[in-house]
Structures are given as C-alpha cells and as structure tokens.
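Reproduced below: final_1.csv, with CSV, C-alpha atoms and all ligand atoms.
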```csv
chain,number,residue,atom,x,y,z
A,879,MET,CA,0.0,0.0,0.0
A,880,THR,CA,1.6,3.3,-1.1
A,881,ASP,CA,-0.7,5.8,0.6
A,882,SER,CA,-2.2,5.4,4.0
A,883,LYS,CA,-4.7,8.3,3.8
A,884,LEU,CA,-7.7,7.6,6.0
A,885,LEU,CA,-10.8,7.7,3.8
A,886,LEU,CA,-13.5,6.6,6.3
A,887,GLU,CA,-13.6,6.7,10.1
A,888,ALA,CA,-16.4,5.3,12.1
A,889,LYS,CA,-16.2,6.4,15.7
A,890,GLU,CA,-18.2,4.7,18.5
A,891,LEU,CA,-21.2,4.0,16.3
A,892,SER,CA,-24.3,2.6,18.1
A,893,ARG,CA,-27.9,2.1,16.8
A,894,PHE,CA,-31.0,0.7,18.6
A,895,PHE,CA,-34.1,-0.7,17.0
A,896,GLY,CA,-36.6,-0.5,19.9
A,897,ASP,CA,-34.9,-2.5,22.6
A,898,THR,CA,-32.5,-4.2,20.2
A,899,LEU,CA,-29.0,-2.8,20.2
A,900,ALA,CA,-28.2,-3.7,16.6
A,901,VAL,CA,-24.8,-2.0,16.6
A,902,ASN,CA,-22.9,-1.5,19.8
A,903,ASN,CA,-20.1,1.1,20.0
A,904,VAL,CA,-18.3,0.1,16.8
A,905,SER,CA,-15.2,2.0,15.7
A,906,PHE,CA,-13.0,1.3,12.7
A,907,ASN,CA,-11.5,3.0,9.7
A,908,ILE,CA,-10.5,2.3,6.1
A,909,LYS,CA,-7.4,3.6,4.3
A,910,GLN,CA,-6.8,4.4,0.7
A,911,GLY,CA,-6.3,1.2,-1.4
A,912,GLU,CA,-7.7,-1.1,1.2
A,913,VAL,CA,-10.4,-3.8,0.8
A,914,LEU,CA,-12.0,-4.3,4.2
A,915,GLY,CA,-14.1,-7.4,4.8
A,916,PHE,CA,-17.0,-6.9,7.2
A,917,LEU,CA,-17.9,-10.4,8.3
A,918,GLY,CA,-20.6,-11.6,10.5
A,919,PRO,CA,-23.5,-14.1,10.8
A,920,ASN,CA,-27.0,-13.1,10.0
A,921,GLY,CA,-28.4,-10.4,12.2
A,922,ALA,CA,-24.9,-9.4,13.4
A,923,GLY,CA,-25.4,-5.7,12.5
A,924,LYS,CA,-23.6,-5.6,9.2
A,925,SER,CA,-26.4,-4.0,7.1
A,926,THR,CA,-27.2,-1.5,9.9
A,927,THR,CA,-23.5,-0.4,10.0
A,928,MET,CA,-23.4,-0.1,6.2
A,929,ARG,CA,-26.6,2.0,6.2
A,930,MET,CA,-25.2,4.3,8.8
A,931,LEU,CA,-21.9,4.7,6.9
A,932,THR,CA,-23.8,5.6,3.7
A,933,GLY,CA,-26.0,8.2,5.4
A,934,ASN,CA,-29.2,6.0,5.0
A,935,LEU,CA,-29.7,5.5,8.7
A,936,ALA,CA,-28.9,7.9,11.5
A,937,PRO,CA,-26.7,6.5,14.3
A,938,ASP,CA,-28.0,7.0,17.9
A,939,ASN,CA,-24.4,7.7,18.9
A,940,GLY,CA,-21.1,8.2,17.1
A,941,GLN,CA,-19.5,10.0,14.3
A,942,ILE,CA,-18.7,9.1,10.7
A,943,ILE,CA,-15.9,11.0,8.8
A,944,ILE,CA,-15.6,10.4,5.1
A,945,ASN,CA,-12.6,11.8,3.3
A,946,GLY,CA,-12.3,14.3,6.1
A,947,ILE,CA,-16.0,15.4,6.0
A,948,ASP,CA,-18.4,14.8,8.9
A,949,LEU,CA,-21.3,12.8,7.4
A,950,LEU,CA,-23.8,14.1,10.0
A,951,ASP,CA,-22.8,17.7,9.6
A,952,ASN,CA,-22.3,17.8,5.8
A,953,PRO,CA,-24.3,14.8,4.4
A,954,LYS,CA,-24.3,15.9,0.8
A,955,GLN,CA,-20.5,16.4,0.4
A,956,ALA,CA,-19.7,13.3,2.5
A,957,LYS,CA,-22.1,11.1,0.5
A,958,ALA,CA,-20.5,12.2,-2.7
A,959,CYS,CA,-17.4,10.3,-1.6
A,960,ILE,CA,-19.3,7.1,-1.1
A,961,GLY,CA,-20.7,4.5,-3.5
A,962,TYR,CA,-23.2,2.0,-2.1
A,963,LEU,CA,-24.7,-1.2,-3.3
A,964,PRO,CA,-27.3,-2.2,-0.7
A,965,GLU,CA,-28.3,-5.8,-0.1
A,966,THR,CA,-31.3,-5.2,-2.5
A,967,PRO,CA,-29.9,-3.2,-5.4
A,968,PRO,CA,-31.9,0.0,-6.0
A,969,LEU,CA,-32.7,-0.6,-9.7
A,970,TYR,CA,-35.5,0.8,-11.8
A,971,LYS,CA,-36.2,-2.4,-13.7
A,972,GLU,CA,-38.5,-0.8,-16.3
A,973,HIS,CA,-35.5,1.2,-17.6
A,974,THR,CA,-32.8,0.1,-19.9
A,975,VAL,CA,-29.3,-0.2,-18.4
A,976,THR,CA,-28.1,3.0,-20.1
A,977,GLU,CA,-31.3,4.9,-19.2
A,978,PHE,CA,-30.9,3.9,-15.5
A,979,LEU,CA,-27.2,4.8,-15.4
A,980,GLN,CA,-27.9,8.2,-17.0
A,981,PHE,CA,-30.4,8.8,-14.3
A,982,CYS,CA,-27.8,7.7,-11.6
A,983,ALA,CA,-25.2,10.1,-13.2
A,984,ARG,CA,-27.7,13.0,-12.8
A,985,LEU,CA,-28.6,11.9,-9.3
A,986,ASN,CA,-25.0,11.9,-8.3
A,987,GLY,CA,-24.5,15.4,-9.5
A,988,ILE,CA,-22.1,14.6,-12.4
A,989,ALA,CA,-21.8,17.6,-14.6
A,990,LYS,CA,-24.1,17.4,-17.7
A,991,LYS,CA,-21.1,17.3,-20.1
A,992,GLN,CA,-19.5,14.5,-18.3
A,993,GLN,CA,-22.5,12.3,-17.8
A,994,LYS,CA,-22.2,10.4,-21.1
A,995,THR,CA,-18.6,9.6,-20.5
A,996,ALA,CA,-19.3,8.5,-17.0
A,997,VAL,CA,-22.1,6.2,-18.1
A,998,ASN,CA,-20.0,4.7,-21.0
A,999,ASN,CA,-17.1,4.2,-18.6
A,1000,VAL,CA,-19.1,2.2,-16.0
A,1001,ILE,CA,-20.9,0.2,-18.7
A,1002,GLU,CA,-17.5,-0.9,-20.0
A,1003,ARG,CA,-15.9,-1.5,-16.6
A,1004,CYS,CA,-18.8,-3.6,-15.4
A,1005,GLY,CA,-19.1,-5.7,-18.5
A,1006,LEU,CA,-22.5,-4.3,-19.5
A,1007,THR,CA,-21.7,-3.3,-23.1
A,1008,ASP,CA,-23.8,-6.2,-24.7
A,1009,VAL,CA,-26.8,-5.5,-22.5
A,1010,SER,CA,-26.8,-1.7,-22.3
A,1011,LYS,CA,-30.0,-1.4,-24.4
A,1012,ARG,CA,-31.9,-4.1,-22.6
A,1013,LEU,CA,-34.5,-3.6,-19.9
A,1014,ILE,CA,-33.0,-4.3,-16.4
A,1015,ALA,CA,-36.1,-6.4,-15.6
A,1016,ASN,CA,-35.0,-8.9,-18.4
A,1017,LEU,CA,-31.4,-9.3,-17.2
A,1018,SER,CA,-30.2,-12.3,-15.1
A,1019,LYS,CA,-29.6,-11.6,-11.5
A,1020,GLY,CA,-25.8,-11.6,-12.1
A,1021,PHE,CA,-26.2,-8.8,-14.7
A,1022,GLN,CA,-28.6,-6.9,-12.5
A,1023,GLN,CA,-25.9,-7.0,-9.8
A,1024,ARG,CA,-23.4,-5.6,-12.3
A,1025,VAL,CA,-25.8,-2.7,-12.9
A,1026,GLY,CA,-26.0,-2.3,-9.1
A,1027,ILE,CA,-22.2,-2.1,-8.9
A,1028,ALA,CA,-22.1,0.3,-11.9
A,1029,GLN,CA,-24.5,2.8,-10.1
A,1030,ALA,CA,-22.3,2.5,-7.0
A,1031,ILE,CA,-19.1,3.6,-8.8
A,1032,ILE,CA,-20.5,5.9,-11.5
A,1033,HIS,CA,-19.4,9.1,-9.6
A,1034,ALA,CA,-15.9,7.7,-8.9
A,1035,PRO,CA,-16.4,7.6,-5.1
A,1036,ALA,CA,-13.3,7.2,-2.8
A,1037,VAL,CA,-15.0,4.4,-0.9
A,1038,VAL,CA,-17.4,1.8,-2.4
A,1039,ILE,CA,-19.6,-0.1,0.1
A,1040,LEU,CA,-21.0,-3.4,-1.1
A,1041,ASP,CA,-23.5,-5.2,1.1
A,1042,GLU,CA,-23.6,-9.0,0.4
A,1043,PRO,CA,-22.9,-8.5,-3.3
A,1044,THR,CA,-22.9,-12.2,-4.2
A,1045,SER,CA,-25.9,-13.2,-2.3
A,1046,GLY,CA,-28.5,-15.1,-4.4
A,1047,LEU,CA,-26.2,-15.6,-7.4
A,1048,ASP,CA,-25.2,-18.9,-9.0
A,1049,PRO,CA,-21.6,-20.1,-8.8
A,1050,ILE,CA,-20.6,-18.7,-12.2
A,1051,GLN,CA,-22.2,-15.3,-11.5
A,1052,ILE,CA,-20.4,-15.3,-8.1
A,1053,ARG,CA,-17.1,-15.8,-9.7
A,1054,GLU,CA,-17.7,-13.0,-12.2
A,1055,ILE,CA,-18.9,-10.5,-9.6
A,1056,ARG,CA,-15.9,-11.3,-7.4
A,1057,GLN,CA,-13.6,-10.6,-10.4
A,1058,LEU,CA,-15.4,-7.3,-10.9
A,1059,ILE,CA,-15.0,-6.4,-7.2
A,1060,ARG,CA,-11.2,-7.2,-7.6
A,1061,ASP,CA,-11.1,-4.8,-10.6
A,1062,ILE,CA,-13.0,-2.1,-8.6
A,1063,ALA,CA,-10.6,-2.5,-5.7
A,1064,ASN,CA,-7.7,-1.3,-8.0
A,1065,GLU,CA,-9.3,2.2,-8.1
A,1066,HIS,CA,-11.4,2.5,-5.0
A,1067,SER,CA,-11.3,1.5,-1.4
A,1068,VAL,CA,-13.9,-1.1,-0.7
A,1069,ILE,CA,-15.9,-2.2,2.3
A,1070,LEU,CA,-17.4,-5.6,1.6
A,1071,SER,CA,-20.0,-6.9,3.9
A,1072,THR,CA,-20.5,-10.7,3.7
A,1073,HIS,CA,-21.2,-13.8,5.7
A,1074,ILE,CA,-19.1,-15.9,3.2
A,1075,LEU,CA,-15.7,-16.6,4.7
A,1076,PRO,CA,-13.9,-17.7,1.5
A,1077,GLU,CA,-15.1,-14.4,-0.1
A,1078,VAL,CA,-13.1,-12.5,2.5
A,1079,GLN,CA,-10.1,-14.7,1.9
A,1080,MET,CA,-10.2,-14.1,-1.8
A,1081,LEU,CA,-10.8,-10.4,-1.8
A,1082,CYS,CA,-9.9,-8.6,1.4
A,1083,ASP,CA,-6.7,-7.1,2.9
A,1084,ARG,CA,-8.2,-6.6,6.3
A,1085,VAL,CA,-11.0,-8.3,8.2
A,1086,GLN,CA,-13.5,-7.2,10.8
A,1087,ILE,CA,-15.7,-9.7,12.5
A,1088,ILE,CA,-18.9,-8.4,14.0
A,1089,SER,CA,-21.3,-10.5,16.1
A,1090,LYS,CA,-24.4,-9.3,18.0
A,1091,GLY,CA,-23.6,-5.7,17.2
A,1092,GLN,CA,-20.0,-5.8,18.5
A,1093,LEU,CA,-16.7,-5.8,16.7
A,1094,LEU,CA,-14.8,-8.8,17.8
A,1095,PHE,CA,-11.8,-8.8,15.4
A,1096,ASN,CA,-10.2,-6.1,13.4
A,1097,ASP,CA,-6.9,-7.1,11.8
A,1098,SER,CA,-5.1,-8.1,8.6
A,1099,LEU,CA,-6.1,-11.2,6.6
A,1100,GLN,CA,-2.6,-12.4,7.4
A,1101,MET,CA,-3.3,-12.3,11.2
A,1102,LEU,CA,-6.6,-14.2,10.6
A,1103,THR,CA,-4.7,-16.7,8.5
A,1104,GLU,CA,-2.1,-17.1,11.3
A,1105,GLN,CA,-4.9,-18.0,13.7
A,1106,MET,CA,-5.7,-20.8,11.3
A,1107,GLN,CA,-2.4,-22.4,11.8
A,1108,SER,CA,-2.8,-25.5,14.0
A,1109,THR,CA,-0.2,-27.3,16.1
A,1110,ALA,CA,-0.9,-30.7,14.7
A,1111,ILE,CA,0.1,-32.9,11.8
A,1112,LEU,CA,-1.9,-35.6,10.1
A,1113,VAL,CA,0.0,-38.6,9.2
A,1114,GLY,CA,-0.9,-41.9,7.4
A,1115,PHE,CA,0.9,-45.2,6.9
A,1116,SER,CA,0.1,-48.2,4.6
A,1117,GLN,CA,0.2,-50.5,7.6
A,1118,PRO,CA,-0.7,-50.3,11.3
A,1119,ILE,CA,1.8,-48.4,13.5
A,1120,ASP,CA,2.2,-48.6,17.3
A,1121,THR,CA,0.8,-45.5,18.9
A,1122,GLN,CA,3.4,-45.6,21.6
A,1123,ALA,CA,6.2,-45.4,19.0
A,1124,LEU,CA,4.6,-42.3,17.6
A,1125,ASN,CA,4.2,-40.8,21.1
A,1126,ALA,CA,7.9,-41.3,21.8
A,1127,ILE,CA,8.9,-39.0,18.9
A,1128,ASN,CA,10.7,-35.9,19.9
A,1129,GLY,CA,8.2,-33.0,20.0
A,1130,VAL,CA,5.0,-35.0,19.9
A,1131,ASN,CA,2.8,-34.3,23.0
A,1132,ASN,CA,-0.3,-36.2,22.0
A,1133,VAL,CA,-1.2,-38.9,19.5
A,1134,GLU,CA,-4.8,-39.3,18.4
A,1135,LYS,CA,-5.6,-42.5,16.6
A,1136,ILE,CA,-8.0,-41.8,13.7
A,1137,ASP,CA,-7.8,-45.5,12.6
A,1138,GLU,CA,-5.1,-48.2,12.6
A,1139,GLN,CA,-3.1,-46.4,9.9
A,1140,HIS,CA,-3.9,-42.7,10.4
A,1141,PHE,CA,-3.0,-40.4,13.3
A,1142,ARG,CA,-3.1,-36.8,14.4
A,1143,LEU,CA,0.1,-35.8,16.2
A,1144,SER,CA,-0.2,-32.7,18.4
A,1145,TYR,CA,2.8,-30.6,19.4
A,1146,LEU,CA,3.6,-27.5,21.3
A,1147,PRO,CA,4.3,-24.3,19.4
A,1148,GLU,CA,8.0,-24.2,18.2
A,1149,GLN,CA,8.3,-28.0,18.6
A,1150,ASN,CA,7.2,-29.2,15.2
A,1151,PRO,CA,8.1,-33.0,15.2
A,1152,THR,CA,8.0,-33.4,11.4
A,1153,GLN,CA,11.8,-33.8,11.0
A,1154,ALA,CA,11.9,-36.3,13.9
A,1155,LEU,CA,9.0,-38.2,12.5
A,1156,LEU,CA,10.6,-38.5,9.1
A,1157,LYS,CA,13.9,-39.7,10.7
A,1158,ASN,CA,11.9,-42.3,12.7
A,1159,ALA,CA,10.0,-43.5,9.6
A,1160,VAL,CA,13.3,-44.1,7.8
A,1161,GLU,CA,15.0,-45.8,10.7
A,1162,ASN,CA,12.0,-48.1,11.5
A,1163,ASN,CA,10.8,-48.7,7.9
A,1164,TRP,CA,7.4,-47.2,8.6
A,1165,PRO,CA,5.6,-47.1,5.2
A,1166,LEU,CA,4.6,-43.4,5.3
A,1167,THR,CA,1.8,-42.5,2.8
A,1168,SER,CA,0.8,-39.0,3.8
A,1169,LEU,CA,2.1,-36.2,6.0
A,1170,MET,CA,0.1,-33.0,6.2
A,1171,PRO,CA,0.1,-30.0,8.6
A,1172,GLU,CA,-3.4,-29.6,10.0
A,1173,GLN,CA,-5.1,-26.3,9.2
A,1174,HIS,CA,-8.1,-24.8,10.9
A,1175,SER,CA,-10.6,-23.5,8.4
A,1176,LEU,CA,-11.5,-19.8,8.5
A,1177,GLU,CA,-14.9,-21.1,9.6
A,1178,ASP,CA,-13.3,-22.7,12.7
A,1179,VAL,CA,-11.4,-19.5,13.5
A,1180,PHE,CA,-14.6,-17.4,13.0
A,1181,MET,CA,-16.6,-19.7,15.4
A,1182,LYS,CA,-13.7,-19.7,17.9
A,1183,ILE,CA,-13.6,-15.9,18.0
A,1184,ILE,CA,-17.4,-15.6,18.4
A,1185,ARG,CA,-17.4,-18.4,21.1
A,1186,GLU,CA,-14.6,-16.8,23.0
A,1187,GLU,CA,-16.5,-13.5,23.1
A,1188,ASP,CA,-19.7,-15.3,24.2
A,1189,ALA,CA,-17.7,-16.9,27.1
A,1190,HIS,CA,-16.6,-13.5,28.3
A,1191,VAL,CA,-20.2,-12.2,28.5
A,1201,LIG,N1,-35.6,-1.8,10.7
A,1201,LIG,C1,-35.4,-2.6,11.7
A,1201,LIG,N2,-36.3,-2.8,12.7
A,1201,LIG,C2,-36.1,-3.5,13.8
A,1201,LIG,N3,-35.0,-4.3,13.9
A,1201,LIG,C3,-34.0,-4.3,13.0
A,1201,LIG,C4,-34.2,-3.4,11.8
A,1201,LIG,N4,-33.1,-3.6,11.0
A,1201,LIG,C5,-32.3,-4.5,11.7
A,1201,LIG,N5,-32.9,-4.9,12.8
A,1201,LIG,C6,-32.3,-5.8,13.8
A,1201,LIG,O1,-31.0,-5.4,14.1
A,1201,LIG,C7,-30.1,-6.5,14.2
A,1201,LIG,C8,-29.0,-6.4,13.1
A,1201,LIG,O2,-29.5,-6.5,11.8
A,1201,LIG,P1,-28.7,-6.3,10.5
A,1201,LIG,O3,-29.7,-6.4,9.3
A,1201,LIG,O4,-27.8,-5.1,10.6
A,1201,LIG,O5,-27.8,-7.6,10.5
A,1201,LIG,P2,-26.9,-8.2,9.3
A,1201,LIG,O6,-25.6,-8.5,10.0
A,1201,LIG,O7,-26.9,-7.3,8.2
A,1201,LIG,O8,-27.7,-9.5,9.0
A,1201,LIG,P3,-28.1,-10.2,7.5
A,1201,LIG,O9,-26.8,-10.8,7.0
A,1201,LIG,O10,-29.1,-11.2,7.9
A,1201,LIG,O11,-28.6,-9.0,6.7
A,1201,LIG,C9,-30.9,-7.7,14.0
A,1201,LIG,O12,-31.3,-8.2,15.3
A,1201,LIG,C10,-32.1,-7.2,13.2
A,1201,LIG,O13,-33.3,-8.0,13.5
```
Would you mind writing the file out in structure tokens?
Ligand SMILES: Nc1ncnc2c1ncn2[C@@H]1O[C@H](COP(=O)(O)OP(=O)(O)OP(=O)(O)O)[C@@H](O)[C@H]1O
Amino acid sequence: MTDSKLLLEAKELSRFFGDTLAVNNVSFNIKQGEVLGFLGPNGAGKSTTMRMLTGNLAPDNGQIIINGIDLLDNPKQAKACIGYLPETPPLYKEHTVTEFLQFCARLNGIAKKQQKTAVNNVIERCGLTDVSKRLIANLSKGFQQRVGIAQAIIHAPAVVILDEPTSGLDPIQIREIRQLIRDIANEHSVILSTHILPEVQMLCDRVQIISKGQLLFNDSLQMLTEQMQSTAILVGFSQPIDTQALNAINGVNNVEKIDEQHFRLSYLPEQNPTQALLKNAVENNWPLTSLMPEQHSLEDVFMKIIREEDAHV
C-alpha cells in the first residue's frame, strides 16, 4: 500500500431498534487502497452499520468522517465520496441499463457534459456493453448485480460499500462478480459486507468480524490466517503403526488415533516434530503414505472468535 490516507472513520457507532442494540459502540477506519471485509453471521449488525456509513440511517451515537468530511454535519458532500450497493440493489427495472445509469449520473451530481462519458465508462468497466440497451427487468440476477455495482461507482467515489454483493447468485455469477470487485478495488477502497468466509479470503486485505452488534476482530487477513495455523500434523501409513512409538517421537505431545493407519500428532508451538517423524520413519521402515500440517478452516477461527467472546459475557 503506497498511501495510507484515512478515507473513512467510524467512531463509536451505536444504533438501537426498539430494545435491540443492533450496533454497539463500533469504531474502525478504512485507508486508501484497502479492501475491508465486514464479516458476521445473519443479524450481526452488518447492514445496519453499512446503512449508517452511507447516510441512509442515523446513528443513535457516534461519528462518521468520510474523506475528512463529517457525514452528519455535511451529508451531501460526504455522501458524494461514497458509492453504495445495498443488499437489494436500487434498480428501476423498467428502464434500460443505459437509461438507468444516465439517471444515476444525474442523481450523483455529475456535470451534464461528463454524464455520457461516466455512463459509458461504467458500462465498459462492469461488462455491460452487450446488454446496455436491454431492460433491467429482463437481465439475469448476475447482470442486475453488475448494474447495481455500476451505479455505486459511476461518480468515482473514494469508498465503495458493497452489502452482500454475491448473495443469491449462481456459482458462475459469483465468480464474475468477485472478479469485478477485484477490478474495482484497483481504483477504489472497498468495504465488503458478507457472511461468506472464502469471499473474504479471496478479496480482502483486512477483516473485521462483527457479532451481536459488537466488533470482535479487526486485523489483517494475514493475522486471521495465522490464527488458522494448527499445532498438529496428520500422518498416514500403509500398515498399522504402534501409537506408543509415535508418542515417543521428539516434540509429539499427543497422538490421536484416527484409525489403525492414520494419526493426528499434536505438538507444542515451536516444537514441530516433522523432521523427527521422518527420521523415525526411515529408521524403522514405517511405510509413510501421507504427511500434512493440519489447518483450521476460516470457519473454525470465526466460530472460535465468536465463542470466546460469548464466554466473556
Ligand atoms: N428496521 C429494523 N427494525 C427492527 N430491527 C431491525 C431493523 N433492522 C435491523 N434490525 C435488527 O438489528 C439486528 C442487526 O440487523 P442487520 O440487518 O444489521 O444484520 P446483518 O448482519 O446485516 O444480517 P443479515 O446478514 O441477515 O442481513 C438484527 O437483530 C435485526 O433483527
């Protein structure tokens, strides 16, 4: 990342719906060039946060600064720096793609002379050239989502906020929309709200995990990946091996027998027994067929972070 200018700062945001505290004292920021994954289970408070960031819902408490402008004090100027694709894209389906995007260009205050160029640009960037004259209502959900993304970036906002952009799409459409998000991230900072963990792994630099309205994790994808490292190896042989012999290997502190020929060897951090295991296998003629470091899935880490927080409550 070459520039670390802060583009969006959310400070101590809270929002109630009746007695439900949907978002509880959430603070974070996004820098230029970053793709921030906003991850959480259903009902965690993701959409509520996105709606507050985009000026569509007033917070009960807190402050939002976009590109140095206070959203609550100067909503018009602040909103001009934000592009937003809500969970349900705001499309006028009886319009053609071009008509709708022309309307969006006007709505976003793009100068009359530049509207045509802006529309043509997003049509090209979002892969809509072949369908530009078609009614939005007749497009597939994947193409409708592309139109939704086009309206979010038409005014070249500094930050693009995408709320569950791949929800309800088929696998091919999902792949295409993810590619489009990758392209967009080359020019805009992106906040991506999702409950799909692999999506975060594929697209994001930094991850925030929200659950029950509270931010539980806010760090780089690398830190999250490090939490996925396990201290165990999975090992297989083509004939039964004595558990005690495995237990005696330097560094192994527990052996779990999966079946006669497969074992899970746990070790303490910094005491990886792989070298010692290989030496033993050669010396004892153990017919080794597989040797693999165990990895926790992102799902496991996610559940662990949420469970740890629940245990503190
Ligand atoms: N308009 C509303 N009126 C009442 N309660 C609401 C409203 N909007 C959200 N909530 C509640 O606030 C909490 C957070 O909802 P939110 O939609 O922000 O979650 P989410 O993480 O976006 O979930 P999902 O992935 O299901 O969209 C939930 O308990 C939800 O029921």
Let me have all residues with an atom within 9 Å of ligand LIG 1201 (chain A), counting only C-alpha atoms and all ligand atoms, laid out as an NGL selection string.
:A and (893-901 or 917-929 or 965 or 1041-1042 or 1071-1073 or 1088-1091)
May I have the residues within 9 Å of A:Ile1087 as a VMD selection string, using all atoms listed in the file and disregarding those fewer than 6 positions away in the same chain?
chain A and resid 915 to 918 1093 to 1096 1180 1183 to 1184
So which residues touch A:Gln1107 within 9 Å, counting all atoms listed in the file, skipping near sequence neighbours fewer than 6 positions away, as a PyMOL selection string?
chain A and resi 1171-1175
For A:Pro1035, work out the shell of residues within 6 Å, counting all atoms listed in the file and skipping chain neighbours fewer than 4 positions away, then give it as an NGL selection string.
:A and (959-961)
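The space separating atom CA of A:Val1078 from atom CA of A:Leu1040 comes to 12.6 Å.
Among the candidate residues A:Leu949, A:Leu1169, A:Val1037, A:Leu1013, the one lying nearest to A:Ala1063 is A:Val1037, with distances computed using only C-alpha atoms.
In this structure, atom CA of A:Asn903 sits 25.1 Å away from atom CA of A:Glu1177.
Between atom CA of A:Phe978 and atom CA of A:Val1025 lies a distance of 8.7 Å.
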Using all atoms listed in the file, list the residues that have an atom at most 9 Å from (12.2, -30.2, 19.5), coordinates as in the file, as an NGL selection string.
:A and (1128-1130 or 1148-1151 or 1154)
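Among the candidates A:Thr976, A:Lys990, A:Phe981, A:Asn939, the one nearest to A:Asp1008 when counting only C-alpha atoms is A:Thr976.
Nearest residue to A:Ser1067 among A:Ala1034, A:Leu1143, A:Leu931, A:Cys1004 is A:Ala1034, counting all atoms listed in the file.
Each of A:Leu1006, A:Ile1119, A:Val1000, A:Leu963 was compared to A:Thr1044 using all atoms listed in the file, and A:Leu963 turns out to be the nearest.
In this comparison, which uses all atoms listed in the file, the residue of A:Ala936, A:Ala1110, A:Lys1019, A:Ser1045 approaching A:Glu1077 most closely is A:Ser1045.
Among the candidate residues A:Val975, A:Arg984, A:Val913, A:Thr1007, the one lying nearest to A:Gln1022 is A:Val975, with distances computed using all atoms listed in the file.
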Since the input lacks some atoms of stretch 922-935 of chain A, please model N, CA and C atoms and print them as a PDB file, in the frame of the given file.
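Wrote result.pdb, looks like this:
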```pdb
ATOM      1  N   ALA A 922     -26.006  -9.884  12.586  1.00  0.00           N
ATOM      2  CA  ALA A 922     -24.900  -9.400  13.400  1.00  0.00           C
ATOM      3  C   ALA A 922     -24.821  -7.885  13.501  1.00  0.00           C
ATOM      4  N   GLY A 923     -25.406  -7.205  12.511  1.00  0.00           N
ATOM      5  CA  GLY A 923     -25.400  -5.700  12.500  1.00  0.00           C
ATOM      6  C   GLY A 923     -24.622  -5.171  11.311  1.00  0.00           C
ATOM      7  N   LYS A 924     -24.337  -6.011  10.333  1.00  0.00           N
ATOM      8  CA  LYS A 924     -23.600  -5.600   9.200  1.00  0.00           C
ATOM      9  C   LYS A 924     -24.359  -4.513   8.363  1.00  0.00           C
ATOM     10  N   SER A 925     -25.585  -4.875   7.975  1.00  0.00           N
ATOM     11  CA  SER A 925     -26.400  -4.000   7.100  1.00  0.00           C
ATOM     12  C   SER A 925     -26.651  -2.647   7.874  1.00  0.00           C
ATOM     13  N   THR A 926     -26.929  -2.746   9.158  1.00  0.00           N
ATOM     14  CA  THR A 926     -27.200  -1.500   9.900  1.00  0.00           C
ATOM     15  C   THR A 926     -25.969  -0.623   9.908  1.00  0.00           C
ATOM     16  N   THR A 927     -24.780  -1.220  10.062  1.00  0.00           N
ATOM     17  CA  THR A 927     -23.500  -0.400  10.000  1.00  0.00           C
ATOM     18  C   THR A 927     -23.382   0.208   8.623  1.00  0.00           C
ATOM     19  N   MET A 928     -23.588  -0.606   7.566  1.00  0.00           N
ATOM     20  CA  MET A 928     -23.400  -0.100   6.200  1.00  0.00           C
ATOM     21  C   MET A 928     -24.401   1.075   5.948  1.00  0.00           C
ATOM     22  N   ARG A 929     -25.626   0.900   6.435  1.00  0.00           N
ATOM     23  CA  ARG A 929     -26.600   2.000   6.200  1.00  0.00           C
ATOM     24  C   ARG A 929     -26.250   3.241   6.930  1.00  0.00           C
ATOM     25  N   MET A 930     -25.618   3.109   8.094  1.00  0.00           N
ATOM     26  CA  MET A 930     -25.200   4.300   8.800  1.00  0.00           C
ATOM     27  C   MET A 930     -23.994   4.968   8.066  1.00  0.00           C
ATOM     28  N   LEU A 931     -23.075   4.133   7.573  1.00  0.00           N
ATOM     29  CA  LEU A 931     -21.900   4.700   6.900  1.00  0.00           C
ATOM     30  C   LEU A 931     -22.283   5.437   5.614  1.00  0.00           C
ATOM     31  N   THR A 932     -23.404   5.011   5.008  1.00  0.00           N
ATOM     32  CA  THR A 932     -23.800   5.600   3.700  1.00  0.00           C
ATOM     33  C   THR A 932     -24.832   6.719   3.930  1.00  0.00           C
ATOM     34  N   GLY A 933     -25.110   7.068   5.172  1.00  0.00           N
ATOM     35  CA  GLY A 933     -26.000   8.200   5.400  1.00  0.00           C
ATOM     36  C   GLY A 933     -27.501   7.791   5.232  1.00  0.00           C
ATOM     37  N   ASN A 934     -27.785   6.479   5.169  1.00  0.00           N
ATOM     38  CA  ASN A 934     -29.200   6.000   5.000  1.00  0.00           C
ATOM     39  C   ASN A 934     -29.874   5.767   6.309  1.00  0.00           C
ATOM     40  N   LEU A 935     -29.145   5.801   7.374  1.00  0.00           N
ATOM     41  CA  LEU A 935     -29.700   5.500   8.700  1.00  0.00           C
ATOM     42  C   LEU A 935     -28.897   6.352   9.703  1.00  0.00           C
TER      43      LEU A 935
END
```
